[in-house]
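Undergrad: Provided herewith: run_34.pdb, PDB, C-alpha atoms.
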```
ATOM      1  CA  MET A   1     -70.596  45.340 -44.629
ATOM      2  CA  SER A   2     -66.966  44.334 -44.789
ATOM      3  CA  LEU A   3     -64.387  46.095 -42.656
ATOM      4  CA  ARG A   4     -61.636  45.101 -45.072
ATOM      5  CA  SER A   5     -60.332  47.790 -47.361
ATOM      6  CA  PRO A   6     -60.707  47.297 -51.134
ATOM      7  CA  LEU A   7     -56.905  47.237 -51.398
ATOM      8  CA  GLY A   8     -56.673  44.512 -48.730
ATOM      9  CA  ARG A   9     -59.305  42.459 -50.549
ATOM     10  CA  VAL A  10     -57.488  42.765 -53.860
ATOM     11  CA  ARG A  11     -54.134  41.798 -52.355
ATOM     12  CA  GLY A  12     -55.778  38.800 -50.667
ATOM     13  CA  LEU A  13     -53.005  38.455 -48.103
ATOM     14  CA  GLY A  14     -55.271  37.804 -45.087
ATOM     15  CA  ALA A  15     -54.560  38.411 -41.409
ATOM     16  CA  ALA A  16     -51.068  36.887 -41.429
ATOM     17  CA  GLY A  17     -50.050  39.103 -44.333
ATOM     18  CA  GLU A  18     -48.717  36.390 -46.582
ATOM     19  CA  GLY A  19     -51.839  34.922 -48.173
ATOM     20  CA  VAL A  20     -51.275  31.490 -49.685
ATOM     21  CA  GLY A  21     -47.510  32.117 -49.935
ATOM     22  CA  HIS A  22     -46.526  29.485 -47.367
ATOM     23  CA  TRP A  23     -48.854  26.828 -48.803
ATOM     24  CA  TRP A  24     -47.770  27.546 -52.385
ATOM     25  CA  MET A  25     -44.010  27.520 -51.697
ATOM     26  CA  GLN A  26     -44.395  24.201 -49.876
ATOM     27  CA  ARG A  27     -45.899  22.791 -53.115
ATOM     28  CA  VAL A  28     -43.356  24.460 -55.421
ATOM     29  CA  THR A  29     -40.441  23.076 -53.376
ATOM     30  CA  ALA A  30     -42.180  19.657 -53.164
ATOM     31  CA  VAL A  31     -42.463  19.441 -56.957
ATOM     32  CA  ALA A  32     -38.831  20.537 -57.373
ATOM     33  CA  LEU A  33     -37.674  17.970 -54.810
ATOM     34  CA  LEU A  34     -39.265  15.009 -56.616
ATOM     35  CA  PRO A  35     -36.662  14.909 -59.442
ATOM     36  CA  LEU A  36     -33.833  16.360 -57.301
ATOM     37  CA  THR A  37     -34.065  13.816 -54.472
ATOM     38  CA  ALA A  38     -34.718  10.902 -56.875
ATOM     39  CA  TRP A  39     -31.633  11.840 -58.917
ATOM     40  CA  PHE A  40     -29.471  12.294 -55.812
ATOM     41  CA  ALA A  41     -30.592   9.047 -54.149
ATOM     42  CA  ILE A  42     -30.066   6.977 -57.310
ATOM     43  CA  SER A  43     -26.639   8.596 -57.830
ATOM     44  CA  LEU A  44     -25.549   7.788 -54.271
ATOM     45  CA  LEU A  45     -26.774   4.192 -54.564
ATOM     46  CA  THR A  46     -24.747   3.633 -57.740
ATOM     47  CA  HIS A  47     -21.431   4.999 -56.410
ATOM     48  CA  SER A  48     -18.752   3.537 -54.151
ATOM     49  CA  LEU A  49     -19.576   5.624 -51.109
ATOM     50  CA  GLN A  50     -16.475   4.447 -49.212
ATOM     51  CA  SER A  51     -14.133   5.938 -51.816
ATOM     52  CA  TYR A  52     -13.260   9.557 -50.987
ATOM     53  CA  ASP A  53     -11.701  10.107 -54.434
ATOM     54  CA  ALA A  54     -14.714   8.695 -56.273
ATOM     55  CA  MET A  55     -17.172  10.886 -54.337
ATOM     56  CA  ARG A  56     -15.039  14.038 -54.718
ATOM     57  CA  GLY A  57     -14.669  13.308 -58.416
ATOM     58  CA  TRP A  58     -18.424  12.923 -58.759
ATOM     59  CA  LEU A  59     -19.283  16.114 -56.840
ATOM     60  CA  GLY A  60     -16.556  18.005 -58.706
ATOM     61  CA  GLN A  61     -18.509  17.794 -61.965
ATOM     62  CA  PRO A  62     -20.261  21.084 -62.819
ATOM     63  CA  TRP A  63     -23.810  19.793 -63.291
ATOM     64  CA  VAL A  64     -23.621  17.499 -60.279
ATOM     65  CA  ALA A  65     -22.494  20.470 -58.171
ATOM     66  CA  VAL A  66     -25.280  22.733 -59.484
ATOM     67  CA  LEU A  67     -28.010  20.127 -58.888
ATOM     68  CA  THR A  68     -26.650  19.248 -55.428
ATOM     69  CA  LEU A  69     -26.551  22.949 -54.540
ATOM     70  CA  LEU A  70     -30.191  23.309 -55.652
ATOM     71  CA  LEU A  71     -31.057  20.139 -53.703
ATOM     72  CA  VAL A  72     -29.549  21.526 -50.483
ATOM     73  CA  LEU A  73     -31.268  24.911 -50.802
ATOM     74  CA  THR A  74     -34.662  23.457 -51.803
ATOM     75  CA  LEU A  75     -34.525  20.828 -49.046
ATOM     76  CA  ALA A  76     -33.736  23.542 -46.493
ATOM     77  CA  TRP A  77     -36.658  25.659 -47.676
ATOM     78  CA  HIS A  78     -39.179  22.777 -47.814
ATOM     79  CA  SER A  79     -37.997  21.465 -44.432
ATOM     80  CA  LYS A  80     -38.213  24.919 -42.843
ATOM     81  CA  LEU A  81     -41.829  25.348 -44.049
ATOM     82  CA  GLY A  82     -42.834  21.871 -42.846
ATOM     83  CA  VAL A  83     -41.207  22.067 -39.408
ATOM     84  CA  GLN A  84     -42.800  25.509 -38.975
ATOM     85  CA  VAL A  85     -46.304  24.051 -39.495
ATOM     86  CA  VAL A  86     -45.613  21.218 -37.037
ATOM     87  CA  ILE A  87     -44.397  23.678 -34.364
ATOM     88  CA  GLU A  88     -47.353  26.019 -34.946
ATOM     89  CA  ASP A  89     -49.829  23.135 -34.678
ATOM     90  CA  TYR A  90     -48.501  21.363 -31.588
ATOM     91  CA  VAL A  91     -46.710  23.978 -29.437
ATOM     92  CA  HIS A  92     -49.327  26.125 -27.769
ATOM     93  CA  SER A  93     -47.319  28.242 -25.325
ATOM     94  CA  LYS A  94     -46.548  31.486 -27.126
ATOM     95  CA  GLY A  95     -43.044  31.938 -25.725
ATOM     96  CA  THR A  96     -41.952  28.347 -26.405
ATOM     97  CA  LYS A  97     -43.520  28.469 -29.858
ATOM     98  CA  THR A  98     -41.689  31.673 -30.835
ATOM     99  CA  ALA A  99     -38.405  30.321 -29.446
ATOM    100  CA  MET A 100     -38.774  27.033 -31.347
ATOM    101  CA  LEU A 101     -39.698  28.808 -34.603
ATOM    102  CA  LEU A 102     -36.625  31.041 -34.239
ATOM    103  CA  LEU A 103     -34.419  28.047 -33.478
ATOM    104  CA  SER A 104     -35.802  26.111 -36.464
ATOM    105  CA  THR A 105     -35.209  29.070 -38.794
ATOM    106  CA  PHE A 106     -31.627  29.528 -37.561
ATOM    107  CA  VAL A 107     -30.811  25.802 -37.816
ATOM    108  CA  HIS A 108     -32.220  25.651 -41.357
ATOM    109  CA  VAL A 109     -30.284  28.742 -42.481
ATOM    110  CA  LEU A 110     -27.112  27.349 -40.881
ATOM    111  CA  ALA A 111     -27.596  23.968 -42.591
ATOM    112  CA  ALA A 112     -28.352  25.606 -45.956
ATOM    113  CA  ALA A 113     -25.231  27.786 -45.689
ATOM    114  CA  ALA A 114     -23.031  24.864 -44.616
ATOM    115  CA  GLY A 115     -24.373  22.570 -47.340
ATOM    116  CA  ALA A 116     -23.992  25.241 -50.038
ATOM    117  CA  PHE A 117     -20.480  26.078 -48.828
ATOM    118  CA  ALA A 118     -19.443  22.420 -48.852
ATOM    119  CA  VAL A 119     -20.725  21.893 -52.409
ATOM    120  CA  LEU A 120     -19.096  25.087 -53.721
ATOM    121  CA  ARG A 121     -15.797  24.300 -52.011
ATOM    122  CA  MET A 122     -15.699  20.860 -53.672
ATOM    123  CA  ALA A 123     -16.827  22.169 -57.062
ATOM    124  CA  LEU A 124     -14.383  25.080 -57.125
ATOM    125  CA  ALA A 125     -11.432  23.239 -55.581
TER     126      ALA A 125
ATOM    127  CA  MET B 126     -64.446  30.686 -22.195
ATOM    128  CA  SER B 127     -65.538  27.112 -21.433
ATOM    129  CA  GLN B 128     -68.852  27.761 -23.243
ATOM    130  CA  ARG B 129     -67.140  28.376 -26.564
ATOM    131  CA  PRO B 130     -67.969  25.808 -29.219
ATOM    132  CA  LEU B 131     -65.029  23.599 -30.132
ATOM    133  CA  SER B 132     -64.377  21.626 -33.267
ATOM    134  CA  PRO B 133     -64.832  17.884 -32.636
ATOM    135  CA  HIS B 134     -61.811  16.163 -31.159
ATOM    136  CA  LEU B 135     -60.119  13.541 -33.348
ATOM    137  CA  GLY B 136     -61.339  10.830 -30.948
ATOM    138  CA  VAL B 137     -64.959  11.123 -32.103
ATOM    139  CA  TYR B 138     -64.157   9.706 -35.541
ATOM    140  CA  LYS B 139     -64.247   6.015 -36.337
ATOM    141  CA  PHE B 140     -60.688   4.885 -36.961
ATOM    142  CA  ALA B 141     -59.562   4.485 -40.568
ATOM    143  CA  TYR B 142     -56.029   3.587 -41.600
ATOM    144  CA  THR B 143     -55.874   6.704 -43.774
ATOM    145  CA  MET B 144     -55.623   8.635 -40.466
ATOM    146  CA  SER B 145     -52.380   6.811 -39.610
ATOM    147  CA  LEU B 146     -51.059   7.528 -43.108
ATOM    148  CA  SER B 147     -51.868  11.206 -42.587
ATOM    149  CA  ILE B 148     -49.976  11.585 -39.299
ATOM    150  CA  LEU B 149     -47.192   9.384 -40.689
ATOM    151  CA  HIS B 150     -46.612  12.030 -43.375
ATOM    152  CA  ARG B 151     -45.791  14.564 -40.660
ATOM    153  CA  ILE B 152     -43.671  12.148 -38.629
ATOM    154  CA  THR B 153     -41.666  11.108 -41.695
ATOM    155  CA  GLY B 154     -41.371  14.780 -42.644
ATOM    156  CA  CYS B 155     -39.770  15.527 -39.250
ATOM    157  CA  ALA B 156     -37.449  12.540 -39.739
ATOM    158  CA  ALA B 157     -36.549  13.903 -43.185
ATOM    159  CA  ALA B 158     -35.695  17.272 -41.578
ATOM    160  CA  ILE B 159     -33.190  15.451 -39.344
ATOM    161  CA  GLY B 160     -31.981  13.520 -42.402
ATOM    162  CA  PHE B 161     -31.351  16.851 -44.142
ATOM    163  CA  LEU B 162     -29.017  17.834 -41.287
ATOM    164  CA  GLY B 163     -27.319  14.451 -41.752
ATOM    165  CA  LEU B 164     -26.857  15.149 -45.469
ATOM    166  CA  VAL B 165     -25.235  18.511 -44.680
ATOM    167  CA  TRP B 166     -22.963  16.825 -42.101
ATOM    168  CA  TRP B 167     -21.936  14.253 -44.746
ATOM    169  CA  LEU B 168     -21.282  16.967 -47.386
ATOM    170  CA  MET B 169     -19.200  18.954 -44.875
ATOM    171  CA  ALA B 170     -17.168  15.833 -44.042
ATOM    172  CA  LEU B 171     -16.585  15.177 -47.761
ATOM    173  CA  ALA B 172     -15.543  18.815 -48.302
ATOM    174  CA  SER B 173     -13.216  18.727 -45.271
ATOM    175  CA  GLY B 174     -10.850  16.053 -46.560
ATOM    176  CA  PRO B 175     -10.063  12.311 -46.635
ATOM    177  CA  GLN B 176      -9.708  11.900 -42.849
ATOM    178  CA  ALA B 177     -12.998  13.627 -42.011
ATOM    179  CA  TYR B 178     -14.764  11.620 -44.740
ATOM    180  CA  ALA B 179     -13.289   8.323 -43.537
ATOM    181  CA  GLY B 180     -14.540   9.163 -40.032
ATOM    182  CA  ALA B 181     -18.029   9.964 -41.305
ATOM    183  CA  MET B 182     -18.195   6.784 -43.393
ATOM    184  CA  ALA B 183     -16.957   4.672 -40.457
ATOM    185  CA  CYS B 184     -19.797   6.203 -38.445
ATOM    186  CA  LEU B 185     -22.330   5.416 -41.222
ATOM    187  CA  SER B 186     -21.059   1.852 -41.764
ATOM    188  CA  SER B 187     -21.658   0.428 -38.287
ATOM    189  CA  PRO B 188     -24.458  -2.166 -38.059
ATOM    190  CA  LEU B 189     -26.582   0.188 -35.933
ATOM    191  CA  ALA B 190     -26.095   3.032 -38.442
ATOM    192  CA  LYS B 191     -27.077   0.734 -41.317
ATOM    193  CA  LEU B 192     -30.253  -0.246 -39.487
ATOM    194  CA  LEU B 193     -31.033   3.443 -38.887
ATOM    195  CA  LEU B 194     -30.273   4.223 -42.556
ATOM    196  CA  ALA B 195     -32.695   1.492 -43.662
ATOM    197  CA  GLY B 196     -35.378   2.925 -41.353
ATOM    198  CA  PHE B 197     -34.655   6.432 -42.577
ATOM    199  CA  THR B 198     -34.851   5.201 -46.177
ATOM    200  CA  PHE B 199     -38.366   3.871 -45.603
ATOM    201  CA  SER B 200     -39.315   7.111 -43.843
ATOM    202  CA  PHE B 201     -38.011   9.238 -46.710
ATOM    203  CA  VAL B 202     -39.478   7.074 -49.482
ATOM    204  CA  TYR B 203     -42.861   7.095 -47.721
ATOM    205  CA  HIS B 204     -42.794  10.901 -47.479
ATOM    206  CA  PHE B 205     -41.813  11.034 -51.176
ATOM    207  CA  CYS B 206     -44.648   8.747 -52.330
ATOM    208  CA  ASN B 207     -47.274  10.178 -50.002
ATOM    209  CA  GLY B 208     -46.138  13.663 -51.059
ATOM    210  CA  ILE B 209     -47.073  12.780 -54.642
ATOM    211  CA  ARG B 210     -50.457  11.637 -53.279
ATOM    212  CA  HIS B 211     -50.883  15.035 -51.602
ATOM    213  CA  LEU B 212     -49.903  16.883 -54.793
ATOM    214  CA  VAL B 213     -52.543  14.897 -56.727
ATOM    215  CA  TRP B 214     -55.113  15.816 -54.049
ATOM    216  CA  ASP B 215     -54.124  19.477 -54.479
ATOM    217  CA  THR B 216     -55.421  19.257 -58.063
ATOM    218  CA  GLY B 217     -58.802  18.141 -56.679
ATOM    219  CA  ARG B 218     -58.470  14.541 -57.862
ATOM    220  CA  GLY B 219     -58.583  11.278 -55.905
ATOM    221  CA  LEU B 220     -60.428  12.670 -52.870
ATOM    222  CA  GLU B 221     -63.314  10.164 -52.835
ATOM    223  CA  ARG B 222     -63.114   7.776 -49.878
ATOM    224  CA  ARG B 223     -62.554   4.686 -52.034
ATOM    225  CA  GLN B 224     -59.846   6.418 -54.100
ATOM    226  CA  ALA B 225     -58.071   7.865 -51.028
ATOM    227  CA  ARG B 226     -57.993   4.427 -49.370
ATOM    228  CA  ALA B 227     -56.718   2.731 -52.531
ATOM    229  CA  SER B 228     -53.993   5.346 -53.062
ATOM    230  CA  GLY B 229     -52.981   4.899 -49.410
ATOM    231  CA  VAL B 230     -52.424   1.179 -49.963
ATOM    232  CA  LEU B 231     -50.541   1.962 -53.184
ATOM    233  CA  VAL B 232     -48.244   4.390 -51.321
ATOM    234  CA  ILE B 233     -47.396   1.806 -48.643
ATOM    235  CA  VAL B 234     -46.692  -0.920 -51.235
ATOM    236  CA  ALA B 235     -44.575   1.458 -53.353
ATOM    237  CA  ALA B 236     -42.656   2.678 -50.289
ATOM    238  CA  LEU B 237     -41.885  -0.889 -49.153
ATOM    239  CA  ALA B 238     -40.780  -1.934 -52.655
ATOM    240  CA  LEU B 239     -38.569   1.135 -53.132
ATOM    241  CA  THR B 240     -37.072   0.664 -49.643
ATOM    242  CA  ALA B 241     -36.195  -2.955 -50.468
ATOM    243  CA  MET B 242     -34.516  -1.834 -53.704
ATOM    244  CA  ALA B 243     -32.631   0.983 -51.944
ATOM    245  CA  VAL B 244     -31.404  -1.383 -49.197
ATOM    246  CA  TYR B 245     -30.243  -3.872 -51.855
ATOM    247  CA  PHE B 246     -28.298  -1.274 -53.857
ATOM    248  CA  GLY B 247     -27.305   0.673 -50.749
ATOM    249  CA  SER B 248     -25.521  -2.279 -49.154
ATOM    250  CA  ALA B 249     -23.418  -2.576 -52.330
ATOM    251  CA  ALA B 250     -22.733   1.174 -52.399
ATOM    252  CA  LEU B 251     -21.683   1.102 -48.729
ATOM    253  CA  ALA B 252     -19.485  -2.004 -49.139
ATOM    254  CA  VAL B 253     -15.847  -1.523 -48.191
ATOM    255  CA  PRO B 254     -13.620  -2.439 -51.181
ATOM    256  CA  ALA B 255     -11.263  -5.368 -50.543
ATOM    257  CA  ALA B 256      -7.767  -4.305 -49.454
ATOM    258  CA  GLY B 257      -5.333  -3.751 -52.311
ATOM    259  CA  VAL B 258      -8.074  -3.352 -54.894
ATOM    260  CA  THR B 259      -8.403   0.128 -56.385
ATOM    261  CA  PRO B 260     -11.833   0.688 -57.882
TER     262      PRO B 260
END
```
Give the structure from this file in C-alpha cells form.
TA:
Amino acid sequence: MSLRSPLGRVRGLGAAGEGVGHWWMQRVTAVALLPLTAWFAISLLTHSLQSYDAMRGWLGQPWVAVLTLLLVLTLAWHSKLGVQVVIEDYVHSKGTKTAMLLLSTFVHVLAAAAGAFAVLRMALA
Amino acid sequence: MSQRPLSPHLGVYKFAYTMSLSILHRITGCAAAIGFLGLVWWLMALASGPQAYAGAMACLSSPLAKLLLAGFTFSFVYHFCNGIRHLVWDTGRGLERRQARASGVLVIVAALALTAMAVYFGSAALAVPAAGVTP
C-alpha cells in the first residue's frame, strides 16, 4: 500500500516538491551554454581587447547585445544550480548550509542583474 | 544510529582515472562560477567608461593575471568538453567502462588542444597596440 496520494503520484514532484526540475534545468542551460560560450569566447579572442572603443562598438551591436544578455542570464542560472549541488553535497551543518545557499543565490542574482544592466546600458547608450 | 547501514565509502573502490575526471568536473565548475563573477566585473568596467575599462584591462594584463587566465581557460574548456560527455551519458550512450575511459582521454586531449589554441589567440587579443597606431 502506498501512502502517496494519486494526485501526488501523477504530479511526480517527490519529497522536495520540484521533481526533476533542478536536474532538467541544469541540462537545458548546459545545452544553451554550448553555443553561447563558444561564440563569446571566439569573439573575445578575435578582438583587440585593449581597445575600449572596439569593445564598446562590438557590444553595441543589437545581436551581440542580445546574445551576451542571454549568456549572462544562462550562465547565472547554470552556475546557481551547480554551486547549489556542491553546497548540498559537502556542507552538512544545517545552519551553515542554509546560509551558504542563501548567499550563493543572492550573489548569483546580483551578478545576473549587474551583467544584464551592463549589457543593456552599452546596447542602449 | 551507529548500527545503520552506510553506503560504501569512496575509499573501497580501486582507483581509476575516470574518478579524477569526475571530481575535476565539479572543481572546474566552481572555478567557472568564479569566472562568471569575473565576466560580470569586466562587463561592468566596460559599461562604466574608458578609465574603468583601462583599469580592468591593466589588471588582466599583468603576467600573474595572464597565467591565471591560462589556467582558467583550461578549467573552463575542460568543463565544456566534459559537460558534452555528461550530456551524451544522459542519453544513455557511452556508459560502458571502455567507452567511458576512452571518452575521458578524448576530453583531456581536446581540452589541452583547445587551451593551447585559446592561449595562442588570446595573447594576440590581449596585446597592447603600439603607441601612435590606431587599430
Undergrad: Got a sec to resolve the PyMOL selection byres ((chain A) within 7 of (chain B)) on this structure and send the residues as number ranges by chain?
TA: A: 45-50, 52, 79, 83, 111, 114-115, 118, 121-122
Undergrad: What would the selection look like, as a list in words, if the PyMOL selection byres ((chain A and resi 100) around 12) were run on the coordinates I just shared?
TA: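 Applied to this file, the PyMOL selection byres ((chain A and resi 100) around 12) selects Lys80, Val83, Gln84, Val85, Val86, Ile87, Glu88, Tyr90, Val91, His92, Ser93, Lys94, Gly95, Thr96, Lys97, Thr98, Ala99, Leu101, Leu102, Leu103, Ser104, Thr105, Phe106 and Val107 of chain A.
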Undergrad: Selected residues, C-alpha atoms, written as an mmCIF file, in the coordinates of the input, please.
TA:
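Everything below was put into again_36.cif:
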```
data_model
loop_
_atom_site.group_PDB
_atom_site.id
_atom_site.type_symbol
_atom_site.label_atom_id
_atom_site.label_comp_id
_atom_site.auth_asym_id
_atom_site.auth_seq_id
_atom_site.Cartn_x
_atom_site.Cartn_y
_atom_site.Cartn_z
ATOM 1 C CA LYS A 80 -38.213 24.919 -42.843
ATOM 2 C CA VAL A 83 -41.207 22.067 -39.408
ATOM 3 C CA GLN A 84 -42.800 25.509 -38.975
ATOM 4 C CA VAL A 85 -46.304 24.051 -39.495
ATOM 5 C CA VAL A 86 -45.613 21.218 -37.037
ATOM 6 C CA ILE A 87 -44.397 23.678 -34.364
ATOM 7 C CA GLU A 88 -47.353 26.019 -34.946
ATOM 8 C CA TYR A 90 -48.501 21.363 -31.588
ATOM 9 C CA VAL A 91 -46.710 23.978 -29.437
ATOM 10 C CA HIS A 92 -49.327 26.125 -27.769
ATOM 11 C CA SER A 93 -47.319 28.242 -25.325
ATOM 12 C CA LYS A 94 -46.548 31.486 -27.126
ATOM 13 C CA GLY A 95 -43.044 31.938 -25.725
ATOM 14 C CA THR A 96 -41.952 28.347 -26.405
ATOM 15 C CA LYS A 97 -43.520 28.469 -29.858
ATOM 16 C CA THR A 98 -41.689 31.673 -30.835
ATOM 17 C CA ALA A 99 -38.405 30.321 -29.446
ATOM 18 C CA LEU A 101 -39.698 28.808 -34.603
ATOM 19 C CA LEU A 102 -36.625 31.041 -34.239
ATOM 20 C CA LEU A 103 -34.419 28.047 -33.478
ATOM 21 C CA SER A 104 -35.802 26.111 -36.464
ATOM 22 C CA THR A 105 -35.209 29.070 -38.794
ATOM 23 C CA PHE A 106 -31.627 29.528 -37.561
ATOM 24 C CA VAL A 107 -30.811 25.802 -37.816
#
```
Undergrad: From the set A:Trp63, A:Gln26, A:Ser43, A:Phe117, which residue has the shortest atom-to-atom contact distance to A:Trp77, counting all atoms listed in the file?
TA: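 Result for the nearest residue to A:Trp77: A:Gln26.
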Undergrad: Just to confirm, what's the straight-line distance from atom CA of B:Leu231 to atom CA of A:Ala38 in Å (one decimal)?
TA: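 Separation between atom CA of B:Leu231 and atom CA of A:Ala38: 18.5 Å.
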Undergrad: Report, in Å with one decimal, the straight-line distance from atom CA of B:Thr240 to atom CA of B:Trp214.
TA: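 Separation between atom CA of B:Thr240 and atom CA of B:Trp214: 24.0 Å.
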Undergrad: One decimal, Å: what's the distance from atom CA of A:Leu120 over to atom CA of A:Val66, could you say?
TA: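 Result for atom CA of A:Leu120 versus atom CA of A:Val66: 8.8 Å, one decimal.
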Undergrad: Quick one: which residues end up in the PyMOL selection byres ((chain B and resi 143) around 8) for this structure, as a JSON list (two decimals) with C-alpha atoms, in the frame of the given file?
TA:
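What landed in out_36.json:
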```
[["chain", "number", "residue", "atom", "x", "y", "z"],
["B", 141, "ALA", "CA", -59.56, 4.49, -40.57],
["B", 142, "TYR", "CA", -56.03, 3.59, -41.60],
["B", 144, "MET", "CA", -55.62, 8.64, -40.47],
["B", 145, "SER", "CA", -52.38, 6.81, -39.61],
["B", 146, "LEU", "CA", -51.06, 7.53, -43.11],
["B", 147, "SER", "CA", -51.87, 11.21, -42.59],
["B", 225, "ALA", "CA", -58.07, 7.86, -51.03],
["B", 226, "ARG", "CA", -57.99, 4.43, -49.37],
["B", 229, "GLY", "CA", -52.98, 4.90, -49.41]]
```
Undergrad: Could you pull the residues within 12 Å of A:Pro62, counting all atoms listed in the file, minus those fewer than 3 positions along the same chain, as an NGL selection string?
TA: :A and (56-59 or 65-69 or 119-120 or 122-125)
Undergrad: Excluding same-chain residues fewer than 3 positions from A:Leu70, what lies within 10 Å of it counting only C-alpha atoms, as number ranges by chain?
TA: A: 32-33, 36, 64-67, 73-76, 116
Undergrad: Please determine the residues with any atom at most 6 Å from (-51.0, 5.9, -50.1) (coordinates as given in the file, with all atoms listed in the file counting) and report them as a ChimeraX atom specification.
TA: /B:207,228-233
Undergrad: From the set B:Ala195, B:Val213, B:Ala156, B:Ala227, which residue has the shortest atom-to-atom contact distance to B:Leu239, counting only C-alpha atoms?
TA: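 Looking only at the distances to B:Leu239, the closest residue turns out to be B:Ala195.
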Undergrad: Between A:His78, A:Gly14, A:Trp24, A:Val72, which is the closest to A:Leu110 once you count only C-alpha atoms?
TA: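 Of A:His78, A:Gly14, A:Trp24, A:Val72, the one nearest A:Leu110, counting only C-alpha atoms, is A:Val72.
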Undergrad: Just need the box for stretch 222-230 of chain B, edges along x, y and z, holding every atom the file lists for it with 8 Å tacked onto each side, so centre and edge lengths in Å to one decimal, as JSON.
TA:
```
{"center_x": -57.8, "center_y": 4.5, "center_z": -51.7, "size_x": 26.7, "size_y": 22.7, "size_z": 20.7}
```
Undergrad: Can you take the partial stretch 159-165 of chain B, add all heavy atoms, and return it as a PDB file, in the coordinates of the input?
TA:
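This went into out04.pdb:
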```pdb
ATOM      1  N   ILE B 159     -34.415  15.885 -40.024  1.00  0.00           N
ATOM      2  CA  ILE B 159     -33.190  15.451 -39.344  1.00  0.00           C
ATOM      3  C   ILE B 159     -32.232  14.840 -40.373  1.00  0.00           C
ATOM      4  O   ILE B 159     -31.021  15.062 -40.321  1.00  0.00           O
ATOM      5  CB  ILE B 159     -33.540  14.464 -38.212  1.00  0.00           C
ATOM      6  CG1 ILE B 159     -34.342  15.200 -37.135  1.00  0.00           C
ATOM      7  CG2 ILE B 159     -32.274  13.834 -37.610  1.00  0.00           C
ATOM      8  CD1 ILE B 159     -35.036  14.310 -36.149  1.00  0.00           C
ATOM      9  N   GLY B 160     -32.801  14.088 -41.338  1.00  0.00           N
ATOM     10  CA  GLY B 160     -31.981  13.520 -42.402  1.00  0.00           C
ATOM     11  C   GLY B 160     -31.294  14.596 -43.223  1.00  0.00           C
ATOM     12  O   GLY B 160     -30.149  14.413 -43.661  1.00  0.00           O
ATOM     13  N   PHE B 161     -31.959  15.729 -43.409  1.00  0.00           N
ATOM     14  CA  PHE B 161     -31.351  16.851 -44.142  1.00  0.00           C
ATOM     15  C   PHE B 161     -30.100  17.341 -43.405  1.00  0.00           C
ATOM     16  O   PHE B 161     -29.066  17.602 -44.025  1.00  0.00           O
ATOM     17  CB  PHE B 161     -32.384  17.982 -44.286  1.00  0.00           C
ATOM     18  CG  PHE B 161     -31.797  19.288 -44.718  1.00  0.00           C
ATOM     19  CD1 PHE B 161     -31.121  19.403 -45.924  1.00  0.00           C
ATOM     20  CD2 PHE B 161     -31.925  20.416 -43.919  1.00  0.00           C
ATOM     21  CE1 PHE B 161     -30.572  20.616 -46.322  1.00  0.00           C
ATOM     22  CE2 PHE B 161     -31.374  21.628 -44.304  1.00  0.00           C
ATOM     23  CZ  PHE B 161     -30.698  21.721 -45.513  1.00  0.00           C
ATOM     24  N   LEU B 162     -30.196  17.429 -42.065  1.00  0.00           N
ATOM     25  CA  LEU B 162     -29.017  17.834 -41.287  1.00  0.00           C
ATOM     26  C   LEU B 162     -27.908  16.795 -41.450  1.00  0.00           C
ATOM     27  O   LEU B 162     -26.726  17.133 -41.535  1.00  0.00           O
ATOM     28  CB  LEU B 162     -29.382  18.000 -39.805  1.00  0.00           C
ATOM     29  CG  LEU B 162     -30.441  19.071 -39.486  1.00  0.00           C
ATOM     30  CD1 LEU B 162     -30.684  19.163 -37.988  1.00  0.00           C
ATOM     31  CD2 LEU B 162     -30.022  20.430 -40.041  1.00  0.00           C
ATOM     32  N   GLY B 163     -28.298  15.514 -41.527  1.00  0.00           N
ATOM     33  CA  GLY B 163     -27.319  14.451 -41.752  1.00  0.00           C
ATOM     34  C   GLY B 163     -26.640  14.591 -43.110  1.00  0.00           C
ATOM     35  O   GLY B 163     -25.428  14.398 -43.232  1.00  0.00           O
ATOM     36  N   LEU B 164     -27.421  14.957 -44.123  1.00  0.00           N
ATOM     37  CA  LEU B 164     -26.857  15.149 -45.469  1.00  0.00           C
ATOM     38  C   LEU B 164     -25.817  16.274 -45.450  1.00  0.00           C
ATOM     39  O   LEU B 164     -24.736  16.146 -46.038  1.00  0.00           O
ATOM     40  CB  LEU B 164     -27.987  15.478 -46.456  1.00  0.00           C
ATOM     41  CG  LEU B 164     -27.545  15.919 -47.854  1.00  0.00           C
ATOM     42  CD1 LEU B 164     -26.907  14.769 -48.623  1.00  0.00           C
ATOM     43  CD2 LEU B 164     -28.709  16.500 -48.651  1.00  0.00           C
ATOM     44  N   VAL B 165     -26.165  17.371 -44.762  1.00  0.00           N
ATOM     45  CA  VAL B 165     -25.235  18.511 -44.680  1.00  0.00           C
ATOM     46  C   VAL B 165     -23.959  18.087 -43.935  1.00  0.00           C
ATOM     47  O   VAL B 165     -22.846  18.423 -44.351  1.00  0.00           O
ATOM     48  CB  VAL B 165     -25.914  19.710 -43.986  1.00  0.00           C
ATOM     49  CG1 VAL B 165     -24.889  20.786 -43.643  1.00  0.00           C
ATOM     50  CG2 VAL B 165     -27.007  20.283 -44.880  1.00  0.00           C
TER      51      VAL B 165
END
```
